[in-house]
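Notes to accompany the following structure.
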Amino acid sequence: MLVSIIIPVYNEGEHIEENILAIRDRSKTENVIFEFVLVDDGSADDSWQAMQRVSERLNACRLIRLSRNFGKEAAVTAGLAQAVGEACIVMDSDLQHPPEIIPEMIRLWSEEGYEVVDAVKADRGRESFLYKLFARLFYGSFNKLSGLELEGASDFKLMDRKAVDAWKAMPERATFFRGMSTWVGFRHIAIPFEVAARAGGKTKWSFRKLAGLAVGAITSFSALPLQLVTVTGLIFLIGAIVLGIETLVMWILGHAASGFTTVILLLLIIGSLLMLSLGVIGTYIAKIYDEVKARPRYIIAEEKCSARREIEK
Ligand code: UDP
Ligand code: MG
């Protein structure tokens with residue numbers, strides 16, 4: 001059996017060789033040939049050279065270099081597009097996704113017939129309180145809004161060829177791997193893993209990048225925020241009718257004037273709600289604009305393939 005392991009790499013030059021060799025050694029499985037698909041996401045360091053060196057020590061390896069940093073989602077997309085295995089495993093290059101569970105993932109796929117094996121975080125590792133809080137908040141609202149359950153999800157997954165092809169058939173520019181691989185359905189099974197500490201280097205995600213990913217994910221999977229605008233409008237309409245009647249009655253009875261505080265408060269509340277609503281609508285318009293431009297998701301600058309004979313059937 002041929003199984004592809006897809007690994008996005010961004011500025012990991014220092015330790016990528018050791019990490020890939022560790023993944024190779026620790027994931028050994030009987031009757032399985034691994035094809036490594038390493039995607040250099042426009043690293044500014046010597047990751048590409050290191051990847052070329054390590055590729056010579058692997059059985060079968062495809063190297064892809066993107067023309068600039070397109071982000072992890074695009075790197076994973078590029079890897080999935082090139083992989084030829086009967087199943088594809090996506091994992092990080094920093095050993096935070098333990099390769100020891102790969103044989104078990106493959107067993108669940110090949111023997112028990114599961115088409116997607118999700119490795120889920122047993123606990124969230126050593127993340128800060130704030131990070132955990134935001135992750136909770138994001139997965140909670142994503143679940144409410146899209147109806148897809150992602151709590152504890154990670155990008156560490158095995159997908160059968162059928163699931164990969166279904167995934168590849170989705171044409172959107174803004175990809176969200178976790179959400180889309182759940183959305184395609186198929187027989188899923190989750191296996192827990194302990195998040196290890198990062199092996200060398202530091203995280204490539206800033207708070208801004210993560211917030212962007214969260215907003216992108218929610219707007220890609222749900223139009224409910226737009227309907228919330230309508231609902232808020234309706235609530236305010238009811239308020240408007242009640243207050244309008246009250247004002248008219250007061251006027252008729254000759255008690256008008258006063259009520260300055262009410263006016264100021266209404267102005268402030270309605271003003272900010274209007275702006276917020278415009279923001280929500282604007283976010284969706286930006287999304288439509290991005291999709292309509294239909295630019296490629298990534299651009300490949302260079303590709304290398306070793307031991308092709310062995311892979312091509
Ligand atoms: N990564 C990437 N492009 C980016 C950022 C990250 O390809 O713009 C890769 C990175 O090399 C690693 C994986 O995505 O293999 C996960 O990144 P990281 O470990 O920094 O994220 P964290 O584990 O902190 O969520
Ligand atoms: Mg990591």
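By convention in this document, the chains of the structure tokens carry letters A, B, ... by their order, each chain's residues are numbered from 1, and ligands are numbered from 1 in the order they are shown.
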
Residues within 6 Å of ligand 1, counting only C-alpha atoms and all ligand atoms, as a ChimeraX atom specification: /A:8-10,41,69,71-72,75,92-94,203-205

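What separates CA of Ala166 in chain A from CA of Pro103 in chain A is a distance of 24.1 Å.
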
Counting only C-alpha atoms, the residue of A:Lys157, A:Arg107, A:Lys168, A:Arg295 that sits nearest Ile5 in chain A: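 Nearest to Ile5 in chain A: A:Lys157.
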
Secondary structure check, helix (DSSP H, G or I) residues of range 67-268 of chain A, as a PyMOL selection string: chain A and resi 72-82+99-110+129-146+161-168+177-183+207-221+224-252+260-268

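Here CA of Ile89 in chain A stands at a distance of 10.4 Å from CA of Ala119 in chain A.
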
Pick from A:Ser154, A:Thr232, A:Gln82, A:Gln227 nearest to ligand 2, counting only C-alpha atoms and all ligand atoms: A:Ser154

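If only C-alpha atoms are the atoms counted, then among A:Val117, A:Val249, A:Ile106, A:Val215 the closest residue to Phe186 in chain A is A:Val117.
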
Backbone-only DSSP, strand (DSSP E) members of range 160-284 of chain A, as a ChimeraX atom specification: /A:160,188-193

Selection above as a file: C-alpha atoms, as an mmCIF file, in the first residue's frame:
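Wrote it out as part_8.cif, contents follow:
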```cif
data_model
loop_
_atom_site.group_PDB
_atom_site.id
_atom_site.type_symbol
_atom_site.label_atom_id
_atom_site.label_comp_id
_atom_site.auth_asym_id
_atom_site.auth_seq_id
_atom_site.Cartn_x
_atom_site.Cartn_y
_atom_site.Cartn_z
ATOM 1 C CA ASP A 160 -8.831 7.815 2.126
ATOM 2 C CA HIS A 188 -15.010 9.091 10.508
ATOM 3 C CA ILE A 189 -13.265 7.858 13.595
ATOM 4 C CA ALA A 190 -11.397 9.925 16.149
ATOM 5 C CA ILE A 191 -8.306 8.815 17.995
ATOM 6 C CA PRO A 192 -6.883 10.947 20.802
ATOM 7 C CA PHE A 193 -3.278 12.073 20.986
#
```

Which residue of A:Leu63, A:Ala50, A:Leu133, A:Val263 approaches Glu14 in chain A most closely, using only C-alpha atoms: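 Selected residue with least distance to Glu14 in chain A: A:Ala50.
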
Polymer residues at most 12 Å from Ala81 in chain A, only C-alpha atoms, same-chain spacing of 6 or more positions, as an MDAnalysis selection string: chainID A and resid 4 6 37 39 62 64 74:75 88 161 164:170 297:298 300

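Distance check against Val76 in chain A using only C-alpha atoms: of A:Arg24, A:Arg53, A:Lys132, A:Arg178, the minimum falls on A:Arg178.
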